[in-house]
$ cat entry.txt   # compact mmCIF, C-alpha atoms
# COMPACT_ATOMS: atom_id res chain seq x y z
CA MET A 1 19.63 26.66 7.22
CA ALA A 2 18.32 23.87 5.01
CA THR A 3 18.98 20.38 6.30
CA GLU A 4 20.65 17.64 4.29
CA PHE A 5 17.25 16.06 3.64
CA ASP A 6 15.69 19.35 2.49
CA GLU A 7 18.59 19.90 0.12
CA ALA A 8 18.24 16.36 -1.22
CA ILE A 9 14.56 16.81 -2.11
CA GLY A 10 15.03 20.39 -3.28
CA ILE A 11 13.37 21.41 -6.55
CA THR A 12 13.38 24.46 -8.80
CA PRO A 13 10.18 25.31 -10.74
CA THR A 14 10.84 25.74 -14.46
CA GLY A 15 7.25 26.40 -15.55
CA ASP A 16 4.10 24.50 -16.55
CA GLY A 17 4.34 21.82 -13.86
CA GLN A 18 8.03 21.16 -14.55
CA TYR A 19 10.77 21.10 -11.92
CA ALA A 20 14.52 20.68 -11.92
CA ALA A 21 16.19 18.55 -9.23
CA GLU A 22 19.69 17.38 -8.38
CA LEU A 23 19.99 13.80 -7.11
CA GLY A 24 22.87 13.55 -4.67
CA ASP A 25 25.40 10.72 -4.52
CA GLY A 26 25.05 10.53 -0.72
CA TRP A 27 21.66 8.85 -1.19
CA HIS A 28 23.05 6.13 -3.41
CA ILE A 29 22.61 2.42 -2.73
CA GLY A 30 23.84 -0.42 -4.93
CA GLY A 31 23.03 0.37 -8.55
CA GLY A 32 21.12 3.62 -8.13
CA ILE A 33 19.64 6.37 -5.97
CA ASN A 34 17.41 5.10 -3.14
CA GLY A 35 13.77 4.81 -4.19
CA GLY A 36 12.53 6.52 -1.04
CA ILE A 37 14.52 9.71 -1.52
CA THR A 38 13.50 9.96 -5.19
CA LEU A 39 9.86 9.43 -4.18
CA ALA A 40 10.17 12.17 -1.55
CA THR A 41 11.66 14.48 -4.20
CA ILE A 42 8.78 13.80 -6.58
CA GLY A 43 6.39 14.19 -3.64
CA ASN A 44 7.87 17.63 -2.98
CA ALA A 45 7.25 18.63 -6.60
CA ILE A 46 3.63 17.48 -6.37
CA ARG A 47 3.22 19.50 -3.15
CA HIS A 48 4.39 22.61 -4.99
CA THR A 49 2.01 21.90 -7.87
CA LEU A 50 -1.05 22.07 -5.59
CA ALA A 51 -2.05 25.28 -3.84
CA ASP A 52 -3.74 23.93 -0.70
CA LYS A 53 -3.17 20.17 -0.52
CA PRO A 54 0.35 19.67 0.87
CA ASP A 55 0.17 16.10 2.08
CA PRO A 56 0.51 12.80 0.21
CA LEU A 57 -2.31 10.48 1.25
CA ALA A 58 -1.59 7.66 -1.20
CA ILE A 59 1.29 7.54 -3.63
CA SER A 60 2.47 4.77 -5.93
CA ALA A 61 5.71 4.72 -7.90
CA HIS A 62 6.86 2.40 -10.69
CA TYR A 63 10.64 2.35 -11.05
CA ILE A 64 11.26 2.00 -14.76
CA ALA A 65 15.04 2.38 -14.53
CA ALA A 66 17.49 3.23 -11.78
CA ALA A 67 17.93 6.93 -11.09
CA VAL A 68 21.57 8.01 -10.82
CA PRO A 69 23.34 10.96 -9.19
CA GLY A 70 23.00 14.15 -11.18
CA PRO A 71 20.38 16.46 -12.71
CA ALA A 72 16.79 15.26 -13.08
CA THR A 73 13.55 16.68 -14.43
CA ILE A 74 10.20 16.15 -12.70
CA SER A 75 6.96 16.66 -14.61
CA THR A 76 3.58 16.89 -12.85
CA ARG A 77 0.05 16.86 -14.21
CA VAL A 78 -3.11 17.41 -12.16
CA LEU A 79 -5.68 14.82 -13.27
CA ARG A 80 -8.47 15.97 -10.99
CA GLU A 81 -8.77 18.33 -8.05
CA GLY A 82 -11.74 18.41 -5.71
CA ARG A 83 -12.35 20.20 -2.43
CA THR A 84 -10.72 17.49 -0.29
CA VAL A 85 -8.29 15.56 -2.49
CA ALA A 86 -6.42 15.91 -5.76
CA THR A 87 -5.02 13.22 -8.05
CA VAL A 88 -1.71 14.00 -9.73
CA ALA A 89 0.49 12.10 -12.18
CA ALA A 90 4.22 12.73 -12.15
CA ASP A 91 7.41 11.33 -13.59
CA LEU A 92 11.12 11.76 -13.08
CA SER A 93 13.44 11.75 -16.09
CA GLN A 94 17.18 11.89 -16.62
CA ASP A 95 18.99 12.41 -19.91
CA GLY A 96 15.64 12.43 -21.70
CA ALA A 97 14.62 8.99 -20.41
CA GLN A 98 11.80 8.38 -17.95
CA ARG A 99 13.08 6.71 -14.77
CA ILE A 100 10.07 6.79 -12.39
CA ALA A 101 6.32 7.08 -12.97
CA VAL A 102 4.06 8.17 -10.08
CA LEU A 103 0.34 8.45 -9.41
CA ALA A 104 -0.63 10.20 -6.18
CA THR A 105 -3.59 11.41 -4.15
CA TYR A 106 -2.93 14.53 -2.07
CA GLY A 107 -4.90 16.36 0.58
CA ASP A 108 -4.42 18.22 3.85
CA HIS A 109 -4.19 16.11 7.00
CA ALA A 110 -5.04 19.17 9.10
CA ARG A 111 -8.48 19.32 7.46
CA LEU A 112 -9.28 15.60 7.63
CA PRO A 113 -11.49 14.08 10.37
CA ALA A 114 -9.62 13.53 13.63
CA ASP A 115 -11.42 10.28 14.53
CA VAL A 116 -9.03 7.30 14.82
CA ARG A 117 -10.25 3.72 15.22
CA THR A 118 -7.58 1.07 14.86
CA THR A 119 -6.82 -2.44 15.97
CA ALA A 120 -3.18 -2.04 14.97
CA VAL A 121 -0.72 -2.52 17.83
CA PRO A 122 2.81 -1.06 17.79
CA PHE A 123 5.47 -3.73 17.41
CA GLU A 124 7.92 -4.27 20.23
CA LEU A 125 11.39 -2.71 20.17
CA PRO A 126 14.03 -2.76 22.90
CA ALA A 127 15.09 0.55 24.42
CA ARG A 128 17.38 2.49 22.10
CA GLU A 129 20.40 2.01 24.35
CA GLU A 130 19.93 -1.76 23.96
CA CYS A 131 19.84 -1.67 20.16
CA VAL A 132 22.58 -2.03 17.56
CA SER A 133 23.67 1.11 15.71
CA GLY A 134 23.81 1.14 11.92
CA ASP A 135 27.06 3.09 12.34
CA LEU A 136 28.71 -0.27 13.05
CA ALA A 137 28.15 -1.39 9.44
CA PRO A 138 31.37 -2.51 7.70
CA GLU A 139 33.19 0.14 5.68
CA GLU A 140 32.76 -1.91 2.49
CA PHE A 141 28.97 -1.88 2.92
CA ARG A 142 28.93 1.85 3.65
CA ARG A 143 30.89 2.54 0.46
CA MET A 144 28.30 0.56 -1.52
CA ALA A 145 25.39 2.20 0.31
CA PRO A 146 26.34 5.69 1.55
CA ILE A 147 22.66 6.27 2.32
CA VAL A 148 23.18 4.42 5.62
CA ASP A 149 25.15 7.46 6.83
CA ARG A 150 22.12 9.68 6.31
CA PHE A 151 20.30 8.07 9.25
CA ASP A 152 20.63 7.21 12.88
CA THR A 153 19.38 3.61 12.77
CA LEU A 154 19.17 1.46 15.88
CA PHE A 155 18.32 -2.16 15.07
CA ASP A 156 16.59 -4.65 17.31
CA PRO A 157 19.44 -7.04 18.24
CA GLU A 158 17.24 -9.96 17.14
CA CYS A 159 17.27 -8.57 13.57
CA VAL A 160 20.98 -8.13 12.85
CA GLY A 161 22.13 -11.73 12.44
CA TRP A 162 22.36 -11.20 8.68
CA ALA A 163 25.19 -8.71 9.24
CA MET A 164 27.24 -11.50 10.85
CA GLY A 165 26.37 -14.21 8.35
CA GLN A 166 23.59 -15.59 10.53
CA PRO A 167 20.25 -14.39 9.10
CA SER A 168 17.17 -15.42 11.09
CA GLY A 169 15.26 -16.57 8.01
CA ARG A 170 12.14 -14.81 9.29
CA GLY A 171 12.29 -11.93 6.80
CA ASP A 172 11.71 -9.32 9.52
CA LEU A 173 13.66 -6.13 10.33
CA ARG A 174 12.82 -3.68 13.12
CA ALA A 175 14.60 -0.47 14.07
CA TRP A 176 14.44 2.99 15.57
CA LEU A 177 15.06 5.62 12.87
CA ARG A 178 15.69 9.31 12.53
CA LEU A 179 17.49 11.56 10.05
CA LYS A 180 21.08 12.11 11.10
CA ASP A 181 20.90 15.82 10.19
CA GLY A 182 18.48 16.33 13.09
CA ARG A 183 15.49 17.19 10.93
CA GLU A 184 12.20 16.18 12.52
CA PRO A 185 9.98 13.83 10.49
CA ASP A 186 7.13 15.09 8.33
CA VAL A 187 4.97 13.53 5.62
CA LEU A 188 7.70 13.77 2.98
CA ALA A 189 10.23 12.19 5.31
CA LEU A 190 7.81 9.28 5.73
CA LEU A 191 8.14 8.57 1.99
CA LEU A 192 11.82 8.02 2.66
CA ALA A 193 11.39 6.17 5.96
CA VAL A 194 9.44 3.32 4.36
CA ASP A 195 12.48 2.56 2.18
CA ALA A 196 15.23 3.40 4.65
CA LEU A 197 16.10 0.01 6.15
CA PRO A 198 18.23 -2.58 4.34
CA PRO A 199 16.26 -4.88 2.02
CA VAL A 200 14.32 -7.34 4.18
CA ALA A 201 15.69 -10.13 1.97
CA PHE A 202 18.97 -9.69 3.90
CA ASP A 203 17.24 -11.45 6.79
CA LEU A 204 16.68 -14.39 4.43
CA GLY A 205 20.40 -14.60 3.74
CA MET A 206 20.16 -12.90 0.34
CA MET A 207 22.63 -10.00 0.26
CA GLY A 208 23.07 -7.38 -2.44
CA TRP A 209 21.21 -4.62 -4.24
CA ALA A 210 17.46 -5.33 -4.46
CA PRO A 211 16.00 -3.04 -7.16
CA THR A 212 12.47 -1.83 -6.40
CA LEU A 213 9.90 -2.40 -9.13
CA GLU A 214 6.93 -0.72 -7.46
CA LEU A 215 6.35 1.08 -4.16
CA SER A 216 2.98 2.17 -2.75
CA VAL A 217 2.74 4.30 0.39
CA HIS A 218 -0.26 5.32 2.50
CA VAL A 219 0.50 8.32 4.72
CA ARG A 220 -1.98 8.10 7.59
CA ALA A 221 -1.01 11.13 9.71
CA VAL A 222 1.56 13.85 10.21
CA PRO A 223 4.21 12.32 12.49
CA ALA A 224 5.00 13.74 15.91
CA PRO A 225 8.58 14.95 16.48
CA GLY A 226 11.13 12.41 17.60
CA TRP A 227 12.30 8.92 16.70
CA LEU A 228 10.31 6.74 14.32
CA ARG A 229 9.81 3.01 14.78
CA VAL A 230 10.08 1.14 11.47
CA ARG A 231 9.36 -2.51 10.72
CA THR A 232 9.71 -4.27 7.36
CA HIS A 233 8.79 -7.88 6.70
CA THR A 234 8.14 -10.30 3.86
CA SER A 235 6.10 -13.48 3.59
CA ASN A 236 6.66 -14.56 0.00
CA LEU A 237 9.70 -14.75 -2.24
CA ALA A 238 8.94 -16.24 -5.66
CA GLY A 239 9.84 -15.74 -9.30
CA GLY A 240 12.95 -13.76 -8.41
CA MET A 241 10.88 -11.14 -6.53
CA PHE A 242 9.76 -10.48 -2.97
CA GLU A 243 7.27 -8.13 -1.36
CA GLU A 244 8.34 -5.86 1.48
CA ASP A 245 5.64 -4.56 3.81
CA CYS A 246 6.49 -1.63 6.08
CA GLU A 247 4.84 0.11 8.99
CA VAL A 248 6.06 3.34 10.57
CA TRP A 249 5.03 4.49 14.06
CA ASP A 250 5.82 7.92 15.48
CA SER A 251 6.98 8.94 18.95
CA ALA A 252 3.36 9.41 20.05
CA GLY A 253 2.60 5.76 19.32
CA ARG A 254 0.55 6.43 16.19
CA LEU A 255 0.73 4.44 12.96
CA VAL A 256 1.69 7.19 10.52
CA ALA A 257 2.65 5.30 7.34
CA GLN A 258 2.15 1.92 5.70
CA SER A 259 3.71 0.68 2.49
CA ARG A 260 4.25 -2.31 0.25
CA GLN A 261 6.87 -2.67 -2.41
CA LEU A 262 7.77 -5.35 -4.91
CA ALA A 263 11.49 -5.78 -5.43
CA MET A 264 13.86 -8.07 -7.29
CA THR A 265 15.85 -10.55 -5.24
CA PRO A 266 19.29 -9.11 -4.42
CA ARG A 267 21.88 -9.05 -7.17
$ encode --input "entry.txt" --output "structure tokens"
Amino acid sequence: MATEFDEAIGITPTGDGQYAAELGDGWHIGGGINGGITLATIGNAIRHTLADKPDPLAISAHYIAAAVPGPATISTRVLREGRTVATVAADLSQDGAQRIAVLATYGDHARLPADVRTTAVPFELPAREECVSGDLAPEEFRRMAPIVDRFDTLFDPECVGWAMGQPSGRGDLRAWLRLKDGREPDVLALLLAVDALPPVAFDLGMMGWAPTLELSVHVRAVPAPGWLRVRTHTSNLAGGMFEEDCEVWDSAGRLVAQSRQLAMTPR
């Protein structure tokens, strides 16, 4: 049976690079559908557009207007396809208005060189039994952001002061993460994972919906099964906007995704 995540990113081809989708209310946060789940839905359409390049390598989305629950249309256009990578443009529209514009490079991780040389070190997280479950979020917050119920999220206790009116001011959130429906992570789930934690501005004491303007994701590898480790942090809030950098590590201790987004300060 299809999982909740697979149903959420489900698409129906309608011909000539066009796809129909249904954006579900369970992935709503603040004033619109979560940017990660819409990006994963568009990423799924791009995957179906290409015959032998199933994996996003680099994907960048500009959020022109908030997507809302209900029908959506995704249009894809292959700009160039070589032997190793393809570049594809895509957009998501609702009610005849473009909501998201995407440019992506796709390939096949299974056919890429296996050599890994990195100085990146996984960030520290307490054992899961020592962390704070997102299920403890207040009912009022969960009504505003039902997406929190789509995940098992276990926060580092040092990163949850904002939930009790005592933000650390560091602009740093760290958590264990997995889909609550039990689905194991893959490259499309990584597009969601980078936008799955609360806005990092919460840790600066700024609560509320933080609309994403732009989100760029680099998918570095296919994740191993099991829990993901996710960290988001910011170093600069200015002009009513902040950047949010994210790194995602899999259960095998590999850095599998990196992202940066620019978002508006919470409303």
$ closest_residue --input "entry.txt" --among "A:Ser75, A:Val200, A:Arg83, A:Leu177" --to "Asp108 in chain A" --atoms "all atoms listed in the file"
A:Arg83
$ residues_around --input "entry.txt" --residues "Phe151 in chain A" --least-positions-apart "2" --cutoff "12 Å" --atoms "all atoms listed in the file" --output "number ranges by chain"
A: 4-5, 26-27, 133-135, 145-149, 153-155, 175-185, 189, 192-193, 195-198, 227-228
$ atom_distance --input "entry.txt" --atom1 "CA of Thr38 in chain A" --atom2 "CA of Arg99 in chain A"
10.1 Å
$ axis_aligned_box --input "entry.txt" --around "range 156-162 of chain A" --padding-each-side "3 Å" --output "lines of an AutoDock Vina configuration file"
center_x = 19.5
center_y = -8.2
center_z = 13.5
size_x = 11.8
size_y = 13.1
size_z = 15.6
$ residues_near_point --input "entry.txt" --point "(12.7, -13.6, -11.3)" --cutoff "8 Å" --atoms "only C-alpha atoms" --output "ChimeraX atom specification"
/A:238-241,264-265
$ write_last_selection --input "entry.txt" --atoms "C-alpha atoms" --output "PDB file, in the coordinates of the input"
ATOM      1  CA  ALA A 238       8.940 -16.240  -5.660  1.00  0.00           C
ATOM      2  CA  GLY A 239       9.840 -15.740  -9.300  1.00  0.00           C
ATOM      3  CA  GLY A 240      12.950 -13.760  -8.410  1.00  0.00           C
ATOM      4  CA  MET A 241      10.880 -11.140  -6.530  1.00  0.00           C
ATOM      5  CA  MET A 264      13.860  -8.070  -7.290  1.00  0.00           C
ATOM      6  CA  THR A 265      15.850 -10.550  -5.240  1.00  0.00           C
TER       7      THR A 265
END
$ residues_around --input "entry.txt" --residues "Asp245 in chain A" --least-positions-apart "2" --cutoff "6 Å" --atoms "only C-alpha atoms" --output "VMD selection string"
chain A and resid 232 to 233 259 to 260
$ closest_residue --input "entry.txt" --among "A:Leu79, A:Arg150, A:Gly43, A:Gly32" --to "Ala65 in chain A" --atoms "all atoms listed in the file"
A:Gly32
$ closest_residue --input "entry.txt" --among "A:Ala66, A:Ala20, A:Glu139, A:Ile59" --to "Ala257 in chain A" --atoms "all atoms listed in the file"
A:Ile59
$ residues_near_point --input "entry.txt" --point "(6.3, -2.5, 9.2)" --cutoff "9 Å" --atoms "all atoms listed in the file" --output "PDB file with C-alpha atoms, in the frame of the given file"
ATOM      1  CA  PHE A 123       5.470  -3.730  17.410  1.00  0.00           C
ATOM      2  CA  ASP A 172      11.710  -9.320   9.520  1.00  0.00           C
ATOM      3  CA  LEU A 173      13.660  -6.130  10.330  1.00  0.00           C
ATOM      4  CA  ARG A 174      12.820  -3.680  13.120  1.00  0.00           C
ATOM      5  CA  VAL A 194       9.440   3.320   4.360  1.00  0.00           C
ATOM      6  CA  ARG A 229       9.810   3.010  14.780  1.00  0.00           C
ATOM      7  CA  VAL A 230      10.080   1.140  11.470  1.00  0.00           C
ATOM      8  CA  ARG A 231       9.360  -2.510  10.720  1.00  0.00           C
ATOM      9  CA  THR A 232       9.710  -4.270   7.360  1.00  0.00           C
ATOM     10  CA  HIS A 233       8.790  -7.880   6.700  1.00  0.00           C
ATOM     11  CA  GLU A 244       8.340  -5.860   1.480  1.00  0.00           C
ATOM     12  CA  ASP A 245       5.640  -4.560   3.810  1.00  0.00           C
ATOM     13  CA  CYS A 246       6.490  -1.630   6.080  1.00  0.00           C
ATOM     14  CA  GLU A 247       4.840   0.110   8.990  1.00  0.00           C
ATOM     15  CA  VAL A 248       6.060   3.340  10.570  1.00  0.00           C
ATOM     16  CA  TRP A 249       5.030   4.490  14.060  1.00  0.00           C
ATOM     17  CA  ALA A 257       2.650   5.300   7.340  1.00  0.00           C
ATOM     18  CA  GLN A 258       2.150   1.920   5.700  1.00  0.00           C
ATOM     19  CA  SER A 259       3.710   0.680   2.490  1.00  0.00           C
TER      20      SER A 259
END
